[in-house]
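S.K.: Structure: final-v9.pdb, PDB, C-alpha atoms, pLDDT in the B column.
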```pdb
ATOM      1  CA  MET N   1       0.681  20.103   7.840  1.00 70.00           C
ATOM      2  CA  ASN N   2      -1.078  21.025   4.628  1.00 83.00           C
ATOM      3  CA  ALA N   3      -2.365  17.523   4.010  1.00 94.00           C
ATOM      4  CA  SER N   4      -5.343  15.277   4.664  1.00 96.00           C
ATOM      5  CA  GLY N   5      -5.024  12.099   6.715  1.00 98.00           C
ATOM      6  CA  TRP N   6      -6.694   8.802   5.823  1.00 98.00           C
ATOM      7  CA  VAL N   7      -6.907   5.432   7.566  1.00 97.00           C
ATOM      8  CA  LEU N   8      -7.546   2.523   5.194  1.00 96.00           C
ATOM      9  CA  ALA N   9      -9.940   0.241   7.050  1.00 93.00           C
ATOM     10  CA  GLY N  10     -11.856  -1.540   4.302  1.00 76.00           C
ATOM     11  CA  GLY N  11     -10.223  -4.982   4.430  1.00 62.00           C
ATOM     12  CA  ARG N  12     -12.289  -8.088   5.070  1.00 57.00           C
ATOM     13  CA  SER N  13      -9.840  -9.524   7.660  1.00 48.00           C
ATOM     14  CA  THR N  14     -10.220 -13.038   6.240  1.00 40.00           C
ATOM     15  CA  ARG N  15      -6.947 -14.351   7.692  1.00 47.00           C
ATOM     16  CA  MET N  16      -7.674 -12.859  11.101  1.00 44.00           C
ATOM     17  CA  GLY N  17     -11.085 -14.518  11.260  1.00 43.00           C
ATOM     18  CA  THR N  18     -12.572 -11.458  12.931  1.00 55.00           C
ATOM     19  CA  ASP N  19     -12.803  -7.719  12.331  1.00 74.00           C
ATOM     20  CA  LYS N  20      -9.291  -6.412  12.908  1.00 83.00           C
ATOM     21  CA  THR N  21     -10.203  -2.725  12.979  1.00 90.00           C
ATOM     22  CA  LEU N  22     -11.592  -3.066  16.504  1.00 89.00           C
ATOM     23  CA  LEU N  23      -9.040  -5.663  17.600  1.00 87.00           C
ATOM     24  CA  SER N  24      -7.375  -4.588  20.812  1.00 86.00           C
ATOM     25  CA  TYR N  25      -3.615  -4.035  20.844  1.00 86.00           C
ATOM     26  CA  GLU N  26      -2.114  -3.013  24.186  1.00 87.00           C
ATOM     27  CA  GLY N  27      -5.578  -2.094  25.404  1.00 87.00           C
ATOM     28  CA  ARG N  28      -6.614   0.073  22.443  1.00 91.00           C
ATOM     29  CA  PRO N  29      -8.484  -0.756  19.211  1.00 92.00           C
ATOM     30  CA  LEU N  30      -6.275  -0.721  16.122  1.00 94.00           C
ATOM     31  CA  ILE N  31      -8.478   1.942  14.541  1.00 95.00           C
ATOM     32  CA  GLU N  32      -7.981   4.221  17.552  1.00 96.00           C
ATOM     33  CA  ILE N  33      -4.202   3.779  17.340  1.00 96.00           C
ATOM     34  CA  ALA N  34      -4.168   4.610  13.606  1.00 97.00           C
ATOM     35  CA  VAL N  35      -6.398   7.663  14.017  1.00 97.00           C
ATOM     36  CA  GLY N  36      -4.206   8.828  16.916  1.00 97.00           C
ATOM     37  CA  LYS N  37      -1.079   8.723  14.752  1.00 96.00           C
ATOM     38  CA  LEU N  38      -2.624  11.150  12.281  1.00 97.00           C
ATOM     39  CA  GLN N  39      -3.940  13.379  15.055  1.00 96.00           C
ATOM     40  CA  SER N  40      -0.457  13.542  16.594  1.00 95.00           C
ATOM     41  CA  LEU N  41       0.714  15.132  13.328  1.00 95.00           C
ATOM     42  CA  ALA N  42      -2.041  17.773  13.482  1.00 94.00           C
ATOM     43  CA  LEU N  43      -3.876  16.048  10.636  1.00 94.00           C
ATOM     44  CA  LEU N  44      -7.661  15.791  10.686  1.00 91.00           C
ATOM     45  CA  PRO N  45      -8.131  12.050  10.174  1.00 96.00           C
ATOM     46  CA  ARG N  46     -10.819  10.319   8.164  1.00 97.00           C
ATOM     47  CA  ILE N  47     -11.514   6.612   7.776  1.00 96.00           C
ATOM     48  CA  VAL N  48     -12.041   4.925   4.410  1.00 95.00           C
ATOM     49  CA  GLY N  49     -14.294   1.864   4.373  1.00 89.00           C
ATOM     50  CA  ARG N  50     -17.906   0.736   4.448  1.00 83.00           C
ATOM     51  CA  ARG N  51     -18.106   0.929   8.223  1.00 84.00           C
ATOM     52  CA  SER N  52     -20.468   3.549   9.597  1.00 85.00           C
ATOM     53  CA  ASP N  53     -19.907   2.154  13.108  1.00 90.00           C
ATOM     54  CA  LEU N  54     -16.352   3.529  13.030  1.00 94.00           C
ATOM     55  CA  ALA N  55     -17.641   7.112  12.903  1.00 95.00           C
ATOM     56  CA  ARG N  56     -17.104   7.427  16.655  1.00 95.00           C
ATOM     57  CA  PHE N  57     -13.361   7.423  15.969  1.00 96.00           C
ATOM     58  CA  ALA N  58     -13.314   9.745  12.929  1.00 97.00           C
ATOM     59  CA  PRO N  59     -15.540  10.661   9.944  1.00 96.00           C
ATOM     60  CA  VAL N  60     -16.021   7.740   7.568  1.00 96.00           C
ATOM     61  CA  VAL N  61     -15.841   7.941   3.766  1.00 95.00           C
ATOM     62  CA  GLU N  62     -17.348   4.904   2.045  1.00 91.00           C
ATOM     63  CA  ASP N  63     -15.705   3.136  -0.872  1.00 89.00           C
ATOM     64  CA  LEU N  64     -17.119   4.153  -4.233  1.00 88.00           C
ATOM     65  CA  ARG N  65     -16.484   0.679  -5.618  1.00 89.00           C
ATOM     66  CA  PRO N  66     -16.945  -2.044  -2.984  1.00 85.00           C
ATOM     67  CA  GLY N  67     -14.832  -5.123  -3.551  1.00 87.00           C
ATOM     68  CA  CYS N  68     -11.969  -3.339  -5.329  1.00 91.00           C
ATOM     69  CA  GLY N  69      -9.576  -3.533  -2.398  1.00 91.00           C
ATOM     70  CA  PRO N  70      -7.392  -0.734  -1.025  1.00 94.00           C
ATOM     71  CA  LEU N  71      -7.111   0.994  -4.406  1.00 96.00           C
ATOM     72  CA  GLY N  72     -10.852   1.574  -4.341  1.00 95.00           C
ATOM     73  CA  GLY N  73     -10.526   3.151  -0.917  1.00 95.00           C
ATOM     74  CA  ILE N  74      -7.739   5.406  -2.112  1.00 97.00           C
ATOM     75  CA  GLU N  75      -9.908   6.516  -5.032  1.00 97.00           C
ATOM     76  CA  ALA N  76     -12.786   7.345  -2.668  1.00 96.00           C
ATOM     77  CA  ALA N  77     -10.482   9.393  -0.432  1.00 97.00           C
ATOM     78  CA  LEU N  78      -8.920  11.401  -3.258  1.00 97.00           C
ATOM     79  CA  THR N  79     -12.360  12.044  -4.740  1.00 97.00           C
ATOM     80  CA  VAL N  80     -13.539  13.925  -1.652  1.00 97.00           C
ATOM     81  CA  SER N  81     -10.192  15.312  -0.497  1.00 97.00           C
ATOM     82  CA  ASP N  82      -9.707  19.058  -0.411  1.00 94.00           C
ATOM     83  CA  SER N  83      -5.921  18.749  -0.032  1.00 96.00           C
ATOM     84  CA  ASP N  84      -3.201  18.374  -2.625  1.00 96.00           C
ATOM     85  CA  LEU N  85      -1.248  16.036  -0.338  1.00 97.00           C
ATOM     86  CA  ASN N  86      -2.931  13.023   1.213  1.00 98.00           C
ATOM     87  CA  VAL N  87      -1.428  10.756   3.860  1.00 98.00           C
ATOM     88  CA  PHE N  88      -2.590   7.134   3.868  1.00 98.00           C
ATOM     89  CA  ILE N  89      -1.904   4.568   6.568  1.00 97.00           C
ATOM     90  CA  PRO N  90      -3.487   1.117   6.957  1.00 95.00           C
ATOM     91  CA  VAL N  91      -5.376   0.286  10.115  1.00 94.00           C
ATOM     92  CA  ASP N  92      -3.146  -2.670  10.997  1.00 93.00           C
ATOM     93  CA  LEU N  93       0.294  -1.079  11.507  1.00 94.00           C
ATOM     94  CA  PRO N  94       0.321  -0.320  15.245  1.00 93.00           C
ATOM     95  CA  LEU N  95       4.126  -0.012  15.379  1.00 93.00           C
ATOM     96  CA  LEU N  96       4.393   2.550  12.577  1.00 95.00           C
ATOM     97  CA  PRO N  97       6.086   5.611  14.130  1.00 94.00           C
ATOM     98  CA  SER N  98       4.480   8.981  13.507  1.00 94.00           C
ATOM     99  CA  PHE N  99       7.855  10.542  12.737  1.00 94.00           C
ATOM    100  CA  ILE N 100       8.353   8.531   9.536  1.00 95.00           C
ATOM    101  CA  VAL N 101       4.938   9.707   8.315  1.00 95.00           C
ATOM    102  CA  GLN N 102       5.837  13.317   9.099  1.00 95.00           C
ATOM    103  CA  TRP N 103       9.145  12.910   7.257  1.00 96.00           C
ATOM    104  CA  MET N 104       7.335  11.470   4.214  1.00 97.00           C
ATOM    105  CA  VAL N 105       5.062  14.504   4.009  1.00 97.00           C
ATOM    106  CA  ALA N 106       8.065  16.827   4.161  1.00 96.00           C
ATOM    107  CA  ARG N 107       9.775  14.797   1.433  1.00 97.00           C
ATOM    108  CA  ALA N 108       6.650  14.924  -0.749  1.00 97.00           C
ATOM    109  CA  GLU N 109       6.509  18.692  -0.383  1.00 96.00           C
ATOM    110  CA  LEU N 110      10.158  18.938  -1.429  1.00 96.00           C
ATOM    111  CA  THR N 111      10.177  16.484  -4.338  1.00 97.00           C
ATOM    112  CA  ARG N 112       6.689  17.328  -5.654  1.00 96.00           C
ATOM    113  CA  ALA N 113       6.331  13.613  -6.448  1.00 97.00           C
ATOM    114  CA  GLU N 114       2.853  12.313  -7.201  1.00 97.00           C
ATOM    115  CA  ALA N 115       3.408   9.384  -4.837  1.00 98.00           C
ATOM    116  CA  THR N 116       5.876   8.999  -1.972  1.00 98.00           C
ATOM    117  CA  ILE N 117       6.239   5.334  -1.053  1.00 98.00           C
ATOM    118  CA  PRO N 118       8.612   3.682   1.454  1.00 97.00           C
ATOM    119  CA  LEU N 119      10.549   0.512   0.690  1.00 97.00           C
ATOM    120  CA  LEU N 120      11.673  -1.842   3.465  1.00 95.00           C
ATOM    121  CA  GLN N 121      14.204  -4.486   2.510  1.00 93.00           C
ATOM    122  CA  GLY N 122      13.390  -3.624  -1.087  1.00 93.00           C
ATOM    123  CA  ARG N 123       9.688  -4.327  -0.668  1.00 95.00           C
ATOM    124  CA  PRO N 124       7.225  -1.494  -1.368  1.00 97.00           C
ATOM    125  CA  GLN N 125       4.809  -0.459   1.377  1.00 97.00           C
ATOM    126  CA  PRO N 126       2.234   1.239  -0.888  1.00 96.00           C
ATOM    127  CA  LEU N 127      -0.573   1.428   1.689  1.00 96.00           C
ATOM    128  CA  CYS N 128       1.576   3.709   3.832  1.00 97.00           C
ATOM    129  CA  CYS N 129       2.123   6.566   1.436  1.00 98.00           C
ATOM    130  CA  VAL N 130       1.671  10.223   0.602  1.00 98.00           C
ATOM    131  CA  LEU N 131      -0.284  10.843  -2.605  1.00 98.00           C
ATOM    132  CA  ARG N 132      -1.155  13.932  -4.574  1.00 97.00           C
ATOM    133  CA  ARG N 133      -4.752  14.391  -5.624  1.00 97.00           C
ATOM    134  CA  ALA N 134      -3.529  14.636  -9.229  1.00 95.00           C
ATOM    135  CA  LEU N 135      -3.181  10.832  -9.208  1.00 96.00           C
ATOM    136  CA  LEU N 136      -6.946  10.384  -9.073  1.00 97.00           C
ATOM    137  CA  PRO N 137      -7.575  10.128 -12.855  1.00 96.00           C
ATOM    138  CA  SER N 138      -4.970   7.396 -13.345  1.00 95.00           C
ATOM    139  CA  ILE N 139      -6.244   5.478 -10.307  1.00 97.00           C
ATOM    140  CA  SER N 140      -9.820   5.682 -11.586  1.00 96.00           C
ATOM    141  CA  SER N 141      -8.687   4.527 -15.029  1.00 96.00           C
ATOM    142  CA  ALA N 142      -6.939   1.502 -13.515  1.00 96.00           C
ATOM    143  CA  LEU N 143     -10.096   0.571 -11.608  1.00 96.00           C
ATOM    144  CA  ASP N 144     -12.215   1.064 -14.735  1.00 96.00           C
ATOM    145  CA  GLU N 145      -9.978  -1.505 -16.429  1.00 96.00           C
ATOM    146  CA  GLY N 146     -10.316  -3.972 -13.559  1.00 95.00           C
ATOM    147  CA  LYS N 147      -6.745  -3.428 -12.362  1.00 95.00           C
ATOM    148  CA  PHE N 148      -6.828  -3.454  -8.562  1.00 95.00           C
ATOM    149  CA  LYS N 149      -3.143  -3.743  -7.642  1.00 96.00           C
ATOM    150  CA  VAL N 150      -2.041  -0.654  -5.739  1.00 97.00           C
ATOM    151  CA  MET N 151       1.642  -0.347  -6.634  1.00 97.00           C
ATOM    152  CA  PRO N 152       1.234  -0.383 -10.454  1.00 96.00           C
ATOM    153  CA  ALA N 153      -1.559   2.196 -10.240  1.00 96.00           C
ATOM    154  CA  LEU N 154       0.549   4.554  -8.120  1.00 96.00           C
ATOM    155  CA  THR N 155       3.720   4.269 -10.193  1.00 95.00           C
ATOM    156  CA  GLU N 156       2.495   3.875 -13.775  1.00 91.00           C
ATOM    157  CA  SER N 157       2.609   7.598 -14.488  1.00 86.00           C
ATOM    158  CA  GLY N 158       6.302   7.711 -13.583  1.00 90.00           C
ATOM    159  CA  GLY N 159       5.804  10.347 -10.892  1.00 91.00           C
ATOM    160  CA  ALA N 160       6.464   8.125  -7.887  1.00 97.00           C
ATOM    161  CA  ASP N 161       9.288   8.612  -5.388  1.00 97.00           C
ATOM    162  CA  CYS N 162      10.152   5.269  -3.777  1.00 97.00           C
ATOM    163  CA  PHE N 163      12.772   5.530  -1.036  1.00 97.00           C
ATOM    164  CA  ASN N 164      14.603   2.934   1.056  1.00 96.00           C
ATOM    165  CA  VAL N 165      13.828   3.340   4.750  1.00 95.00           C
ATOM    166  CA  GLU N 166      17.088   1.615   5.704  1.00 93.00           C
ATOM    167  CA  THR N 167      19.055   4.258   3.785  1.00 93.00           C
ATOM    168  CA  VAL N 168      17.164   7.219   5.187  1.00 93.00           C
ATOM    169  CA  ALA N 169      16.860   6.225   8.848  1.00 91.00           C
ATOM    170  CA  PRO N 170      20.558   6.354   9.868  1.00 88.00           C
ATOM    171  CA  ALA N 171      20.765  10.041   8.917  1.00 88.00           C
ATOM    172  CA  GLN N 172      17.800  11.005  11.114  1.00 89.00           C
ATOM    173  CA  ARG N 173      19.280  11.523  14.569  1.00 81.00           C
ATOM    174  CA  ASP N 174      15.919  12.299  16.172  1.00 80.00           C
ATOM    175  CA  TRP N 175      14.358   8.996  15.058  1.00 84.00           C
ATOM    176  CA  LEU N 176      14.052   6.597  17.961  1.00 74.00           C
ATOM    177  CA  ALA N 177      15.467   3.072  17.931  1.00 74.00           C
ATOM    178  CA  GLU N 178      12.322   1.554  19.456  1.00 76.00           C
ATOM    179  CA  PRO N 179      10.469  -0.137  17.968  1.00 83.00           C
ATOM    180  CA  PRO N 180      13.242  -1.481  15.722  1.00 87.00           C
ATOM    181  CA  LEU N 181      13.021  -0.434  12.100  1.00 89.00           C
ATOM    182  CA  HIS N 182      12.144  -3.888  10.782  1.00 87.00           C
ATOM    183  CA  LYS N 183       8.888  -3.797  12.790  1.00 88.00           C
ATOM    184  CA  TRP N 184       7.623  -0.427  11.578  1.00 93.00           C
ATOM    185  CA  PHE N 185       5.620  -1.940   8.724  1.00 93.00           C
ATOM    186  CA  GLN N 186       4.733  -5.212  10.433  1.00 89.00           C
ATOM    187  CA  ASN N 187       1.003  -5.598   9.919  1.00 87.00           C
ATOM    188  CA  ILE N 188      -1.518  -7.733  11.739  1.00 84.00           C
ATOM    189  CA  ASN N 189      -3.234 -10.190   9.417  1.00 78.00           C
ATOM    190  CA  SER N 190      -3.678 -13.179  11.697  1.00 72.00           C
ATOM    191  CA  PRO N 191      -3.842 -14.112  15.396  1.00 70.00           C
ATOM    192  CA  GLU N 192      -0.243 -15.274  15.041  1.00 74.00           C
ATOM    193  CA  ASP N 193       0.801 -11.811  13.847  1.00 74.00           C
ATOM    194  CA  LEU N 194      -0.829 -10.249  16.885  1.00 72.00           C
ATOM    195  CA  HIS N 195       0.911 -12.687  19.188  1.00 71.00           C
ATOM    196  CA  ALA N 196       4.263 -11.900  17.532  1.00 70.00           C
ATOM    197  CA  LEU N 197       3.820  -8.209  18.343  1.00 72.00           C
ATOM    198  CA  ASN N 198       3.109  -8.904  22.005  1.00 58.00           C
ATOM    199  CA  GLY N 199       5.374  -6.767  24.171  1.00 50.00           C
ATOM    200  CA  SER N 200       6.229  -4.253  21.422  1.00 49.00           C
ATOM    201  CA  THR N 201       5.552  -0.540  22.009  1.00 45.00           C
ATOM    202  CA  SER N 202       3.232   1.376  19.670  1.00 40.00           C
ATOM    203  CA  ARG N 203       3.857   5.022  18.783  1.00 41.00           C
TER     204      ARG N 203
END
```
Output the file's structure in the form of structure tokens.
M.R.:
Amino acid sequence: MNASGWVLAGGRSTRMGTDKTLLSYEGRPLIEIAVGKLQSLALLPRIVGRRSDLARFAPVVEDLRPGCGPLGGIEAALTVSDSDLNVFIPVDLPLLPSFIVQWMVARAELTRAEATIPLLQGRPQPLCCVLRRALLPSISSALDEGKFKVMPALTESGGADCFNVETVAPAQRDWLAEPPLHKWFQNINSPEDLHALNGSTSR
């Protein structure tokens, strides 16, 4: 695909109590699972975060503005990206299927939207998105103004395409039923979250 792939791995993991990027899920570190999803789509993955020790999994791009949250990581990625389309996934979604990411890229190519963002049960999942590099100026402006919330920064220009996963999925006959749709965007923020995912299958 004509896109760049990015894993957002800059969180401080405060609720987990330990670094979640290297947390093992079904015998593999979360960062390895996330990088593998992008590789399975023939995307050359890069990792965004101030973590040089993660370079053994993929090249690391450091945040330009430490402490600004995921939006700062997105800015850093778009600043160095050489692709119009950029796929972002967070490090803590081990059950996210690769096929929904591939479908989002195809949709972004078709709609030409600046941001392609899934909704699950009406709730935006803005850290799992496809963004055009043209969004960089508005993202930088938001950060300049001290506005760190991701969703407003991605949608303020009016060029966002937000779609309901529950509406799209039934029409995709090649999408698998496992894991169930409601778990696709289930992230791991705490030991309890990890325990709740025990026995699920990552893709």
S.K.: Specify as a ChimeraX atom specification each residue included when the PyMOL selection byres ((chain N and resi 174-179) around 12) is applied to this file.
M.R.: /N:94-103,165,168-173,180-186,197,199-203
S.K.: Restricting the calculation to only C-alpha atoms, which member of N:Ser52, N:Ala58, N:Pro118, N:Leu71 is positioned closest to Gln39 in chain N?
M.R.: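 Among the listed residues, the smallest separation from Gln39 in chain N belongs to N:Ala58.
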S.K.: Output as JSON lines one row per residue of range 43-107 of chain N within 12 Å of range 127-148 of chain N: the closest atom pair and its distance in Å to one decimal place, counting all atoms listed in the file, sorted by chain and residue number ascending.
M.R.:
```
{"residue": "N:Leu64", "atom": "CA", "partner": "N:Ser140", "partner_atom": "CA", "distance": 10.5}
{"residue": "N:Arg65", "atom": "CA", "partner": "N:Leu143", "partner_atom": "CA", "distance": 8.8}
{"residue": "N:Pro66", "atom": "CA", "partner": "N:Leu143", "partner_atom": "CA", "distance": 11.3}
{"residue": "N:Gly67", "atom": "CA", "partner": "N:Phe148", "partner_atom": "CA", "distance": 9.6}
{"residue": "N:Cys68", "atom": "CA", "partner": "N:Phe148", "partner_atom": "CA", "distance": 6.1}
{"residue": "N:Gly69", "atom": "CA", "partner": "N:Phe148", "partner_atom": "CA", "distance": 6.7}
{"residue": "N:Pro70", "atom": "CA", "partner": "N:Leu127", "partner_atom": "CA", "distance": 7.7}
{"residue": "N:Leu71", "atom": "CA", "partner": "N:Phe148", "partner_atom": "CA", "distance": 6.1}
{"residue": "N:Gly72", "atom": "CA", "partner": "N:Leu143", "partner_atom": "CA", "distance": 7.4}
{"residue": "N:Gly73", "atom": "CA", "partner": "N:Leu127", "partner_atom": "CA", "distance": 10.4}
{"residue": "N:Ile74", "atom": "CA", "partner": "N:Ile139", "partner_atom": "CA", "distance": 8.3}
{"residue": "N:Glu75", "atom": "CA", "partner": "N:Leu136", "partner_atom": "CA", "distance": 6.3}
{"residue": "N:Ala76", "atom": "CA", "partner": "N:Leu136", "partner_atom": "CA", "distance": 9.2}
{"residue": "N:Ala77", "atom": "CA", "partner": "N:Arg133", "partner_atom": "CA", "distance": 9.2}
{"residue": "N:Leu78", "atom": "CA", "partner": "N:Arg133", "partner_atom": "CA", "distance": 5.6}
{"residue": "N:Thr79", "atom": "CA", "partner": "N:Leu136", "partner_atom": "CA", "distance": 7.1}
{"residue": "N:Val80", "atom": "CA", "partner": "N:Arg133", "partner_atom": "CA", "distance": 9.7}
{"residue": "N:Ser81", "atom": "CA", "partner": "N:Arg133", "partner_atom": "CA", "distance": 7.5}
{"residue": "N:Asp82", "atom": "CA", "partner": "N:Arg133", "partner_atom": "CA", "distance": 8.6}
{"residue": "N:Ser83", "atom": "CA", "partner": "N:Arg133", "partner_atom": "CA", "distance": 7.2}
{"residue": "N:Asp84", "atom": "CA", "partner": "N:Arg133", "partner_atom": "CA", "distance": 5.2}
{"residue": "N:Leu85", "atom": "CA", "partner": "N:Arg132", "partner_atom": "CA", "distance": 4.7}
{"residue": "N:Asn86", "atom": "CA", "partner": "N:Leu131", "partner_atom": "CA", "distance": 5.1}
{"residue": "N:Val87", "atom": "CA", "partner": "N:Val130", "partner_atom": "CA", "distance": 4.5}
{"residue": "N:Phe88", "atom": "CA", "partner": "N:Cys129", "partner_atom": "CA", "distance": 5.3}
{"residue": "N:Ile89", "atom": "CA", "partner": "N:Cys128", "partner_atom": "CA", "distance": 4.5}
{"residue": "N:Pro90", "atom": "CA", "partner": "N:Leu127", "partner_atom": "CA", "distance": 6.0}
{"residue": "N:Val91", "atom": "CA", "partner": "N:Leu127", "partner_atom": "CA", "distance": 9.8}
{"residue": "N:Asp92", "atom": "CA", "partner": "N:Leu127", "partner_atom": "CA", "distance": 10.5}
{"residue": "N:Leu93", "atom": "CA", "partner": "N:Cys128", "partner_atom": "CA", "distance": 9.1}
{"residue": "N:Leu96", "atom": "CA", "partner": "N:Cys128", "partner_atom": "CA", "distance": 9.3}
{"residue": "N:Pro97", "atom": "CA", "partner": "N:Cys128", "partner_atom": "CA", "distance": 11.4}
{"residue": "N:Ser98", "atom": "CA", "partner": "N:Cys128", "partner_atom": "CA", "distance": 11.4}
{"residue": "N:Ile100", "atom": "CA", "partner": "N:Cys128", "partner_atom": "CA", "distance": 10.1}
{"residue": "N:Val101", "atom": "CA", "partner": "N:Cys129", "partner_atom": "CA", "distance": 8.1}
{"residue": "N:Gln102", "atom": "CA", "partner": "N:Val130", "partner_atom": "CA", "distance": 10.0}
{"residue": "N:Trp103", "atom": "CA", "partner": "N:Val130", "partner_atom": "CA", "distance": 10.4}
{"residue": "N:Met104", "atom": "CA", "partner": "N:Val130", "partner_atom": "CA", "distance": 6.8}
{"residue": "N:Val105", "atom": "CA", "partner": "N:Val130", "partner_atom": "CA", "distance": 6.4}
{"residue": "N:Ala106", "atom": "CA", "partner": "N:Val130", "partner_atom": "CA", "distance": 9.9}
{"residue": "N:Arg107", "atom": "CA", "partner": "N:Val130", "partner_atom": "CA", "distance": 9.3}
```
S.K.: Closest to Met151 in chain N among N:Thr116, N:Thr111, N:Thr21, N:Ser4, using all atoms listed in the file?
M.R.: N:Thr116
S.K.: Would you mind telling me which residue in N:Arg28, N:Arg112, N:Lys20, N:Arg123 lies nearest to Pro191 in chain N when using all atoms listed in the file?
M.R.: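 Of N:Arg28, N:Arg112, N:Lys20, N:Arg123, the one nearest Pro191 in chain N, counting all atoms listed in the file, is N:Lys20.
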S.K.: Would you kindly translate the PyMOL selection byres ((chain N and resi 43) around 7) into the concrete residues it picks from this file, as a VMD selection string?
M.R.: chain N and resid 1 3 to 5 38 to 39 41 to 42 44 to 45
S.K.: Go ahead and find all residues with at least one atom no further than 12 Å from (-7.0, -1.0, 16.6) in the file's coordinates, using all atoms listed in the file; report them as a ChimeraX atom specification.
M.R.: /N:7-9,19-37,54,57,90-95,187-188,194,202
S.K.: Record the distance separating CA of Cys162 in chain N and CA of Glu114 in chain N, expressed in Å with one decimal.
M.R.: 10.7 Å
S.K.: I'd like the interatomic distance between CA of Gly10 in chain N and CA of Ser190 in chain N, to a tenth of an Å.
M.R.: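 Atom-to-atom, CA of Gly10 in chain N and CA of Ser190 in chain N are spaced 16.0 Å apart.
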S.K.: Find the distance between CA of Gly159 in chain N and CA of Ile47 in chain N and write it in Å to one decimal.
M.R.: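 So the two atoms, CA of Gly159 in chain N and CA of Ile47 in chain N, lie 25.7 Å apart.
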S.K.: If the PyMOL selection byres ((chain N and resi 50) around 6) is run on the structure shown, which residues does it catch, given as a short mmCIF file (atom, residue, chain, number, x, y, z; two decimals) with C-alpha atoms, in the coordinates of the input?
M.R.:
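Dumped to selection.cif:
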```
data_model
loop_
_atom_site.label_atom_id
_atom_site.label_comp_id
_atom_site.auth_asym_id
_atom_site.auth_seq_id
_atom_site.Cartn_x
_atom_site.Cartn_y
_atom_site.Cartn_z
CA GLY N 49 -14.29 1.86 4.37
CA ARG N 51 -18.11 0.93 8.22
CA GLU N 62 -17.35 4.90 2.04
#
```
S.K.: Which one is closest to Leu120 in chain N: N:Asp161, N:Glu166, N:Ala153, N:Ala108? Count only C-alpha atoms.
M.R.: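 Going through N:Asp161, N:Glu166, N:Ala153, N:Ala108 one by one, the smallest distance to Leu120 in chain N is for N:Glu166.
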S.K.: Supply range 135-149 of chain N as a PDB file, in the coordinates of the input, with N, CA and C atoms built in where the input has gaps.
M.R.:
```pdb
ATOM      1  N   LEU N 135      -3.229  12.241  -8.823  1.00 96.00           N
ATOM      2  CA  LEU N 135      -3.181  10.832  -9.208  1.00 96.00           C
ATOM      3  C   LEU N 135      -4.567  10.242  -9.441  1.00 96.00           C
ATOM      4  N   LEU N 136      -5.597  10.948  -9.017  1.00 97.00           N
ATOM      5  CA  LEU N 136      -6.946  10.384  -9.073  1.00 97.00           C
ATOM      6  C   LEU N 136      -7.345   9.881 -10.457  1.00 97.00           C
ATOM      7  N   PRO N 137      -7.140  10.634 -11.542  1.00 96.00           N
ATOM      8  CA  PRO N 137      -7.575  10.128 -12.855  1.00 96.00           C
ATOM      9  C   PRO N 137      -6.927   8.800 -13.234  1.00 96.00           C
ATOM     10  N   SER N 138      -5.633   8.644 -12.967  1.00 95.00           N
ATOM     11  CA  SER N 138      -4.970   7.396 -13.345  1.00 95.00           C
ATOM     12  C   SER N 138      -5.429   6.237 -12.460  1.00 95.00           C
ATOM     13  N   ILE N 139      -5.730   6.523 -11.197  1.00 97.00           N
ATOM     14  CA  ILE N 139      -6.244   5.478 -10.307  1.00 97.00           C
ATOM     15  C   ILE N 139      -7.638   5.042 -10.762  1.00 97.00           C
ATOM     16  N   SER N 140      -8.471   6.009 -11.104  1.00 96.00           N
ATOM     17  CA  SER N 140      -9.820   5.682 -11.586  1.00 96.00           C
ATOM     18  C   SER N 140      -9.760   4.894 -12.889  1.00 96.00           C
ATOM     19  N   SER N 141      -8.831   5.250 -13.763  1.00 96.00           N
ATOM     20  CA  SER N 141      -8.687   4.527 -15.029  1.00 96.00           C
ATOM     21  C   SER N 141      -8.287   3.079 -14.787  1.00 96.00           C
ATOM     22  N   ALA N 142      -7.360   2.866 -13.844  1.00 96.00           N
ATOM     23  CA  ALA N 142      -6.939   1.502 -13.515  1.00 96.00           C
ATOM     24  C   ALA N 142      -8.130   0.684 -13.006  1.00 96.00           C
ATOM     25  N   LEU N 143      -8.931   1.279 -12.138  1.00 96.00           N
ATOM     26  CA  LEU N 143     -10.096   0.571 -11.608  1.00 96.00           C
ATOM     27  C   LEU N 143     -11.125   0.301 -12.702  1.00 96.00           C
ATOM     28  N   ASP N 144     -11.298   1.257 -13.610  1.00 96.00           N
ATOM     29  CA  ASP N 144     -12.215   1.064 -14.735  1.00 96.00           C
ATOM     30  C   ASP N 144     -11.817  -0.157 -15.562  1.00 96.00           C
ATOM     31  N   GLU N 145     -10.500  -0.396 -15.632  1.00 96.00           N
ATOM     32  CA  GLU N 145      -9.978  -1.505 -16.429  1.00 96.00           C
ATOM     33  C   GLU N 145      -9.881  -2.804 -15.636  1.00 96.00           C
ATOM     34  N   GLY N 146     -10.368  -2.775 -14.390  1.00 95.00           N
ATOM     35  CA  GLY N 146     -10.316  -3.972 -13.559  1.00 95.00           C
ATOM     36  C   GLY N 146      -8.952  -4.274 -12.987  1.00 95.00           C
ATOM     37  N   LYS N 147      -8.083  -3.260 -12.924  1.00 95.00           N
ATOM     38  CA  LYS N 147      -6.745  -3.428 -12.362  1.00 95.00           C
ATOM     39  C   LYS N 147      -6.754  -2.909 -10.929  1.00 95.00           C
ATOM     40  N   PHE N 148      -6.652  -3.818  -9.958  1.00 95.00           N
ATOM     41  CA  PHE N 148      -6.828  -3.454  -8.562  1.00 95.00           C
ATOM     42  C   PHE N 148      -5.527  -3.413  -7.757  1.00 95.00           C
ATOM     43  N   LYS N 149      -4.409  -3.754  -8.375  1.00 96.00           N
ATOM     44  CA  LYS N 149      -3.143  -3.743  -7.642  1.00 96.00           C
ATOM     45  C   LYS N 149      -2.706  -2.305  -7.394  1.00 96.00           C
TER      46      LYS N 149
END
```
